[in-house]
file my_file.txt (compact mmCIF, C-alpha atoms and all ligand atoms)
# COMPACT_ATOMS: atom_id res chain seq x y z
CA MET N 6 -46.11 -6.18 -40.03
CA SER N 7 -49.31 -8.04 -39.29
CA THR N 8 -51.84 -8.61 -42.06
CA PRO N 9 -54.99 -6.46 -41.95
CA ILE N 10 -57.90 -8.12 -40.17
CA LYS N 11 -60.98 -8.68 -42.33
CA PRO N 12 -63.95 -7.16 -40.50
CA LEU N 13 -66.97 -9.20 -39.42
CA VAL N 14 -70.51 -7.95 -38.91
CA ALA N 15 -72.47 -10.53 -36.90
CA GLY N 16 -76.21 -10.24 -36.23
CA ASN N 17 -77.57 -11.65 -32.98
CA TRP N 18 -81.30 -12.18 -33.38
CA LYS N 19 -81.66 -13.17 -29.70
CA MET N 20 -85.11 -14.66 -28.93
CA ASN N 21 -86.65 -13.19 -32.09
CA GLY N 22 -87.64 -14.81 -35.34
CA LEU N 23 -90.24 -17.30 -36.53
CA ALA N 24 -90.08 -19.14 -39.84
CA THR N 25 -91.35 -15.99 -41.58
CA GLN N 26 -88.11 -14.22 -40.62
CA VAL N 27 -86.33 -16.31 -43.29
CA THR N 28 -87.56 -13.73 -45.83
CA GLU N 29 -85.40 -11.08 -44.09
CA PHE N 30 -82.47 -13.46 -44.36
CA ALA N 31 -83.20 -13.91 -48.07
CA ALA N 32 -83.13 -10.11 -48.51
CA LEU N 33 -79.82 -10.00 -46.62
CA VAL N 34 -78.32 -12.68 -48.88
CA ASP N 35 -79.34 -10.60 -51.91
CA GLY N 36 -78.07 -7.30 -50.54
CA TYR N 37 -74.80 -8.74 -49.25
CA SER N 38 -73.86 -10.12 -52.62
CA GLY N 39 -70.87 -8.11 -53.90
CA MET N 40 -69.70 -7.08 -50.39
CA GLU N 41 -67.99 -10.40 -49.57
CA ASP N 42 -64.47 -9.19 -50.28
CA LYS N 43 -64.67 -6.27 -47.86
CA VAL N 44 -66.53 -7.63 -44.87
CA ASP N 45 -67.66 -11.02 -43.53
CA CYS N 46 -71.25 -11.43 -42.42
CA MET N 47 -72.88 -13.81 -39.93
CA ILE N 48 -76.36 -14.29 -38.50
CA CYS N 49 -76.93 -15.96 -35.13
CA PRO N 50 -80.64 -16.84 -35.22
CA PRO N 51 -82.55 -18.68 -32.50
CA ALA N 52 -81.64 -22.39 -32.55
CA THR N 53 -84.96 -23.24 -34.20
CA LEU N 54 -83.90 -21.38 -37.37
CA ILE N 55 -80.27 -22.47 -37.66
CA ALA N 56 -80.90 -25.37 -40.04
CA ALA N 57 -83.25 -23.36 -42.26
CA LEU N 58 -80.85 -20.43 -42.54
CA ALA N 59 -77.80 -22.66 -42.98
CA ASN N 60 -79.60 -24.41 -45.79
CA PHE N 61 -80.54 -21.12 -47.39
CA SER N 62 -77.07 -19.64 -46.99
CA GLN N 63 -75.50 -22.34 -49.12
CA GLU N 64 -75.96 -19.85 -51.97
CA SER N 65 -74.04 -17.21 -50.03
CA THR N 66 -70.94 -16.78 -47.88
CA ILE N 67 -73.02 -15.60 -44.92
CA GLU N 68 -72.11 -17.75 -41.93
CA ILE N 69 -74.59 -19.01 -39.36
CA GLY N 70 -73.88 -19.03 -35.62
CA GLY N 71 -75.54 -20.19 -32.42
CA GLN N 72 -76.25 -17.85 -29.49
CA ASN N 73 -74.99 -20.08 -26.70
CA CYS N 74 -73.95 -23.68 -26.02
CA HIS N 75 -73.67 -26.06 -23.09
CA ALA N 76 -70.19 -27.17 -22.06
CA SER N 77 -71.03 -30.86 -22.53
CA ALA N 78 -71.58 -32.63 -25.84
CA THR N 79 -74.63 -34.63 -24.70
CA GLY N 80 -76.43 -35.43 -21.47
CA ALA N 81 -79.32 -34.84 -19.13
CA HIS N 82 -79.59 -31.06 -19.55
CA THR N 83 -83.20 -30.35 -20.47
CA GLY N 84 -83.59 -27.33 -22.70
CA ASP N 85 -79.88 -26.89 -23.39
CA ILE N 86 -78.07 -27.24 -26.67
CA SER N 87 -74.54 -28.48 -27.30
CA ALA N 88 -71.91 -27.11 -29.65
CA GLU N 89 -72.04 -30.42 -31.55
CA MET N 90 -75.78 -29.92 -32.12
CA LEU N 91 -75.22 -26.38 -33.40
CA SER N 92 -72.57 -27.66 -35.77
CA ASP N 93 -74.82 -30.51 -36.87
CA ALA N 94 -77.54 -27.96 -37.71
CA GLY N 95 -75.12 -25.95 -39.86
CA ALA N 96 -73.61 -23.35 -37.51
CA THR N 97 -69.91 -22.53 -37.80
CA SER N 98 -69.66 -20.24 -34.74
CA VAL N 99 -71.33 -19.65 -31.42
CA ILE N 100 -71.67 -16.61 -29.17
CA VAL N 101 -70.65 -17.39 -25.58
CA GLY N 102 -70.84 -15.24 -22.46
CA HIS N 103 -73.31 -12.68 -23.79
CA SER N 104 -74.22 -10.34 -20.92
CA GLU N 105 -77.84 -11.50 -21.15
CA ARG N 106 -76.63 -15.07 -20.44
CA ARG N 107 -74.38 -13.83 -17.65
CA ALA N 108 -77.30 -11.86 -16.12
CA ASP N 109 -80.27 -14.18 -16.82
CA HIS N 110 -78.50 -17.50 -16.19
CA GLY N 111 -75.77 -16.51 -13.76
CA GLU N 112 -73.00 -17.57 -16.15
CA THR N 113 -69.55 -16.78 -14.78
CA SER N 114 -66.37 -16.24 -16.75
CA GLU N 115 -65.35 -19.81 -15.80
CA ASP N 116 -68.59 -21.12 -17.34
CA VAL N 117 -67.95 -19.03 -20.44
CA ASN N 118 -64.41 -20.41 -20.68
CA ARG N 119 -65.83 -23.97 -20.62
CA CYS N 120 -68.39 -23.08 -23.31
CA ALA N 121 -65.68 -21.56 -25.52
CA ARG N 122 -63.69 -24.79 -25.28
CA ALA N 123 -66.85 -26.80 -26.00
CA ALA N 124 -67.27 -24.74 -29.17
CA TRP N 125 -63.73 -25.67 -30.27
CA ARG N 126 -64.32 -29.34 -29.46
CA ALA N 127 -67.16 -29.20 -32.03
CA GLY N 128 -65.10 -27.23 -34.55
CA LEU N 129 -66.95 -23.94 -34.02
CA VAL N 130 -65.47 -20.46 -33.63
CA SER N 131 -66.34 -18.98 -30.24
CA ILE N 132 -67.43 -15.33 -30.09
CA ILE N 133 -66.65 -14.43 -26.48
CA CYS N 134 -68.54 -11.43 -25.07
CA ILE N 135 -67.28 -9.14 -22.34
CA GLY N 136 -68.48 -5.75 -21.10
CA GLU N 137 -68.96 -3.52 -18.07
CA THR N 138 -72.23 -2.42 -16.46
CA ALA N 139 -73.26 1.24 -16.11
CA GLU N 140 -72.37 1.10 -12.42
CA GLN N 141 -68.89 -0.24 -13.13
CA ARG N 142 -68.29 2.49 -15.72
CA LYS N 143 -69.46 5.10 -13.21
CA GLN N 144 -67.00 3.74 -10.67
CA GLY N 145 -64.19 4.07 -13.21
CA ILE N 146 -63.35 0.35 -13.16
CA THR N 147 -64.24 -0.49 -16.77
CA LEU N 148 -60.74 -1.56 -17.80
CA ASP N 149 -60.32 -3.71 -14.66
CA ILE N 150 -63.61 -5.49 -15.32
CA ILE N 151 -62.74 -6.00 -18.98
CA GLY N 152 -59.31 -7.34 -18.02
CA GLU N 153 -60.80 -9.79 -15.50
CA GLN N 154 -63.49 -11.02 -17.89
CA LEU N 155 -60.96 -11.45 -20.67
CA LEU N 156 -58.59 -13.43 -18.49
CA GLY N 157 -61.33 -15.64 -17.07
CA SER N 158 -63.42 -16.18 -20.20
CA VAL N 159 -60.78 -16.65 -22.91
CA PRO N 160 -59.14 -20.08 -22.71
CA ASP N 161 -55.34 -20.46 -22.96
CA ASP N 162 -55.44 -22.10 -26.37
CA ALA N 163 -57.36 -19.29 -28.08
CA THR N 164 -56.14 -18.38 -31.55
CA SER N 165 -57.16 -15.81 -34.14
CA SER N 166 -58.94 -18.59 -36.07
CA ASN N 167 -60.95 -20.13 -33.24
CA CYS N 168 -61.82 -17.02 -31.25
CA VAL N 169 -63.47 -13.62 -31.73
CA ILE N 170 -63.83 -11.16 -28.84
CA ALA N 171 -66.91 -8.92 -28.64
CA TYR N 172 -66.78 -5.86 -26.37
CA GLU N 173 -70.35 -5.01 -25.43
CA PRO N 174 -70.91 -2.45 -22.68
CA VAL N 175 -74.00 -3.81 -20.88
CA TRP N 176 -75.52 -0.31 -20.63
CA ALA N 177 -75.31 0.16 -24.40
CA ILE N 178 -77.17 -3.05 -25.31
CA GLY N 179 -80.65 -2.34 -26.62
CA THR N 180 -80.71 1.15 -25.09
CA GLY N 181 -79.75 3.37 -28.03
CA LEU N 182 -76.83 4.63 -25.94
CA THR N 183 -73.28 4.17 -27.22
CA PRO N 184 -69.90 5.02 -25.77
CA THR N 185 -67.95 7.77 -27.50
CA ALA N 186 -65.50 6.70 -30.19
CA GLN N 187 -62.72 7.60 -27.74
CA ASP N 188 -64.18 5.34 -25.03
CA VAL N 189 -64.44 2.47 -27.51
CA ALA N 190 -60.87 3.13 -28.65
CA ASP N 191 -59.61 3.04 -25.03
CA VAL N 192 -61.29 -0.27 -24.26
CA HIS N 193 -60.34 -1.93 -27.56
CA SER N 194 -56.74 -0.83 -27.21
CA SER N 195 -56.63 -2.27 -23.70
CA ILE N 196 -58.15 -5.55 -24.95
CA ARG N 197 -55.63 -5.71 -27.79
CA GLN N 198 -52.70 -5.10 -25.47
CA SER N 199 -53.80 -7.76 -23.07
CA LEU N 200 -54.37 -10.29 -25.91
CA VAL N 201 -50.94 -9.55 -27.38
CA ARG N 202 -49.31 -9.98 -23.96
CA ARG N 203 -51.00 -13.33 -23.57
CA PHE N 204 -51.11 -14.74 -27.11
CA GLY N 205 -48.43 -12.82 -29.05
CA ASP N 206 -49.12 -12.65 -32.80
CA GLU N 207 -52.37 -14.59 -32.43
CA GLY N 208 -53.60 -11.87 -30.08
CA GLN N 209 -52.61 -9.24 -32.61
CA GLN N 210 -54.71 -10.97 -35.28
CA MET N 211 -57.81 -11.77 -33.19
CA ARG N 212 -60.96 -9.98 -34.31
CA LEU N 213 -62.36 -7.51 -31.77
CA LEU N 214 -66.01 -6.64 -32.36
CA TYR N 215 -67.88 -3.74 -30.79
CA GLY N 216 -71.52 -4.37 -29.81
CA GLY N 217 -74.25 -2.26 -28.22
CA SER N 218 -76.79 -0.15 -30.15
CA VAL N 219 -74.89 -0.30 -33.45
CA LYS N 220 -77.13 1.20 -36.15
CA PRO N 221 -76.61 2.31 -39.76
CA ALA N 222 -76.33 5.91 -38.48
CA ASN N 223 -73.40 5.25 -36.10
CA ALA N 224 -71.74 2.27 -37.83
CA ALA N 225 -69.17 4.22 -39.84
CA GLU N 226 -67.94 6.11 -36.79
CA LEU N 227 -67.76 3.05 -34.52
CA MET N 228 -66.29 0.78 -37.20
CA GLY N 229 -63.69 3.42 -37.98
CA VAL N 230 -62.15 3.18 -34.50
CA ILE N 231 -58.70 1.57 -34.38
CA ASP N 232 -58.86 -2.06 -33.22
CA VAL N 233 -62.58 -2.33 -33.94
CA ASP N 234 -62.73 -5.19 -36.44
CA GLY N 235 -66.48 -5.31 -36.86
CA ALA N 236 -69.73 -5.32 -34.95
CA LEU N 237 -72.04 -7.60 -33.00
CA VAL N 238 -75.50 -6.25 -33.75
CA GLY N 239 -78.73 -7.07 -31.91
CA GLY N 240 -81.89 -5.09 -32.73
CA ALA N 241 -80.62 -3.68 -36.03
CA SER N 242 -79.87 -7.17 -37.36
CA LEU N 243 -83.55 -8.16 -37.51
CA LYS N 244 -84.21 -6.08 -40.62
CA ALA N 245 -82.04 -6.83 -43.64
CA ALA N 246 -82.08 -3.15 -44.67
CA ASP N 247 -80.63 -2.08 -41.31
CA LEU N 248 -77.91 -4.73 -41.26
CA LEU N 249 -77.01 -3.88 -44.85
CA GLY N 250 -76.77 -0.22 -43.77
CA ILE N 251 -74.21 -1.31 -41.16
CA LEU N 252 -72.32 -3.54 -43.62
CA ASN N 253 -72.18 -0.50 -45.91
CA ALA N 254 -69.84 1.18 -43.42
CA TYR N 255 -67.21 -0.95 -45.18
CA GLU N 256 -68.06 0.18 -48.71
P1 LIG W 1 -78.20 -4.25 -29.61
O1 LIG W 1 -77.64 -5.63 -29.02
O2 LIG W 1 -77.49 -4.04 -30.94
O3 LIG W 1 -79.68 -4.45 -29.75
O4 LIG W 1 -77.83 -3.19 -28.65
C1 LIG W 1 -76.30 -5.99 -29.16
C2 LIG W 1 -76.06 -7.36 -28.56
O5 LIG W 1 -76.62 -7.66 -27.50
O6 LIG W 1 -75.30 -8.17 -29.11

call {"tool": "encode", "arguments": {"input": "my_file.txt", "output": "structure tokens", "more": "lines below"}}
Ligand code: PGA
result
Amino acid sequence: MSTPIKPLVAGNWKMNGLATQVTEFAALVDGYSGMEDKVDCMICPPATLIAALANFSQESTIEIGGQNCHASATGAHTGDISAEMLSDAGATSVIVGHSERRADHGETSEDVNRCARAAWRAGLVSIICIGETAEQRKQGITLDIIGEQLLGSVPDDATSSNCVIAYEPVWAIGTGLTPTAQDVADVHSSIRQSLVRRFGDEGQQMRLLYGGSVKPANAAELMGVIDVDGALVGGASLKAADLLGILNAYE
């Protein structure tokens, strides 16, 4: 029997948050206290806030993550940030392959694979995002797309300690729309099967997050789906009260 997977709720602040946003983080640290045994918590702020939040979170078990990294450690890549820099600032994880990166910056699964390995080179956990568009769902090819992205984006030496997979249907991100619990169950079960085929026990133990319009009102239902081991939360992670409402799904 495999050991139960401890859930993770990770907040992705995207391009939101000035120094004043640290007060929301402080409220999260307060509210999260006492929940540590049931659910892990992480915030991925913009790079400008990583050091401040990492410093603040020394009083807490809340982890800090980056939102993206370059595949190289250093070099002439104006405006980019490396996994080593994220780690140096206090991050312990990094999101790679978010659909907004794939869409806005043309990142392919091969690029995402390189970024995931860059994260490991720097000692970070990579949170690898995959998900179908509305058009692909309409065409009935969701599981094919998910399978392809998984194969291309997840490197061969992924383990349950260095890798988290986040299933985020592109059409559910920031729209208030969510798949049904059955649709989420179908995709997560397909992801699990493909990870187990490829990685054996490590695939069985890898955390699979659901992301896309997770809110306090739908968290319990979505988090209750088999093989959903937590959430990647965008909009609702900006307010401590909302993220705490989602974390409360594990109370
Ligand atoms: P959302 O974003 O919760 O605002 O839909 C999720 C994400 O992009 O990670």

call {"tool": "axis_aligned_box", "arguments": {"input": "my_file.txt", "around": "ligand LIG 1 (chain W)", "padding_each_side": "5 Å", "output": "AutoDock Vina command-line options"}}
result
--center_x -77.5 --center_y -5.7 --center_z -29.2 --size_x 14.4 --size_y 15.0 --size_z 13.4

call {"tool": "residues_near_ligand", "arguments": {"input": "my_file.txt", "ligand": "ligand LIG 1 (chain W)", "cutoff": "7 Å", "atoms": "all atoms listed in the file", "output": "PyMOL selection string"}}
result
chain N and resi 17+173+177-181+216-219+237-241

call {"tool": "atom_distance", "arguments": {"input": "my_file.txt", "atom1": "atom CA of Val233 of chain N", "atom2": "atom CA of Leu213 of chain N"}}
result
5.6 Å

call {"tool": "closest_residue", "arguments": {"input": "my_file.txt", "among": "N:Glu207, N:Asp188, N:Asp85, N:Asp247", "to": "Val230 of chain N", "atoms": "all atoms listed in the file"}}
result
N:Asp188

call {"tool": "closest_residue", "arguments": {"input": "my_file.txt", "among": "N:Leu148, N:Met90, N:Met211, N:Val189", "to": "Ile133 of chain N", "atoms": "all atoms listed in the file"}}
result
N:Met211

call {"tool": "closest_residue", "arguments": {"input": "my_file.txt", "among": "N:Gly145, N:Ile100, N:Ser158, N:Glu137", "to": "Val117 of chain N", "atoms": "all atoms listed in the file"}}
result
N:Ser158

call {"tool": "residues_near_point", "arguments": {"input": "my_file.txt", "point": "(-80.2, -9.6, -34.0)", "cutoff": "10 Å", "atoms": "all atoms listed in the file", "output": "JSON, numbers by chain"}}
result
{"N": [15, 16, 17, 18, 19, 20, 21, 22, 48, 49, 50, 51, 237, 238, 239, 240, 241, 242, 243, 244, 248]}

call {"tool": "atom_distance", "arguments": {"input": "my_file.txt", "atom1": "atom CA of Glu64 of chain N", "atom2": "atom CA of Ala224 of chain N"}}
result
26.6 Å

call {"tool": "atom_distance", "arguments": {"input": "my_file.txt", "atom1": "atom CA of Ala171 of chain N", "atom2": "atom CA of Thr97 of chain N"}}
result
16.7 Å

call {"tool": "residues_around", "arguments": {"input": "my_file.txt", "residues": "Ile170 of chain N", "least_positions_apart": "2", "cutoff": "7 Å", "atoms": "only C-alpha atoms", "output": "PyMOL selection string"}}
result
chain N and resi 132-134+168+172+212-214

call {"tool": "closest_residue", "arguments": {"input": "my_file.txt", "among": "N:Leu129, N:Val101, N:Ile251, N:Ile67", "to": "Asp35 of chain N", "atoms": "all atoms listed in the file"}}
result
N:Ile67

call {"tool": "residues_around", "arguments": {"input": "my_file.txt", "residues": "segment 69-83 of chain N", "least_positions_apart": "5", "cutoff": "7 Å", "atoms": "only C-alpha atoms", "output": "PDB file with C-alpha atoms, in the coordinates of the input"}}
result
ATOM      1  CA  MET N  47     -72.880 -13.810 -39.930  1.00  0.00           C
ATOM      2  CA  ILE N  48     -76.360 -14.290 -38.500  1.00  0.00           C
ATOM      3  CA  CYS N  49     -76.930 -15.960 -35.130  1.00  0.00           C
ATOM      4  CA  PRO N  50     -80.640 -16.840 -35.220  1.00  0.00           C
ATOM      5  CA  ALA N  52     -81.640 -22.390 -32.550  1.00  0.00           C
ATOM      6  CA  ILE N  55     -80.270 -22.470 -37.660  1.00  0.00           C
ATOM      7  CA  ALA N  59     -77.800 -22.660 -42.980  1.00  0.00           C
ATOM      8  CA  ALA N  88     -71.910 -27.110 -29.650  1.00  0.00           C
ATOM      9  CA  GLU N  89     -72.040 -30.420 -31.550  1.00  0.00           C
ATOM     10  CA  LEU N  91     -75.220 -26.380 -33.400  1.00  0.00           C
ATOM     11  CA  GLY N  95     -75.120 -25.950 -39.860  1.00  0.00           C
ATOM     12  CA  ALA N  96     -73.610 -23.350 -37.510  1.00  0.00           C
ATOM     13  CA  THR N  97     -69.910 -22.530 -37.800  1.00  0.00           C
ATOM     14  CA  SER N  98     -69.660 -20.240 -34.740  1.00  0.00           C
ATOM     15  CA  VAL N  99     -71.330 -19.650 -31.420  1.00  0.00           C
ATOM     16  CA  ILE N 100     -71.670 -16.610 -29.170  1.00  0.00           C
ATOM     17  CA  VAL N 101     -70.650 -17.390 -25.580  1.00  0.00           C
ATOM     18  CA  ARG N 119     -65.830 -23.970 -20.620  1.00  0.00           C
ATOM     19  CA  CYS N 120     -68.390 -23.080 -23.310  1.00  0.00           C
ATOM     20  CA  ALA N 123     -66.850 -26.800 -26.000  1.00  0.00           C
TER      21      ALA N 123
END

call {"tool": "closest_residue", "arguments": {"input": "my_file.txt", "among": "N:Asp93, N:Glu29, N:Glu226, N:Glu153", "to": "Ala127 of chain N", "atoms": "all atoms listed in the file"}}
result
N:Asp93

call {"tool": "closest_residue", "arguments": {"input": "my_file.txt", "among": "N:Tyr215, N:Thr53, N:Asp232, N:Gly39", "to": "Thr183 of chain N", "atoms": "all atoms listed in the file"}}
result
N:Tyr215
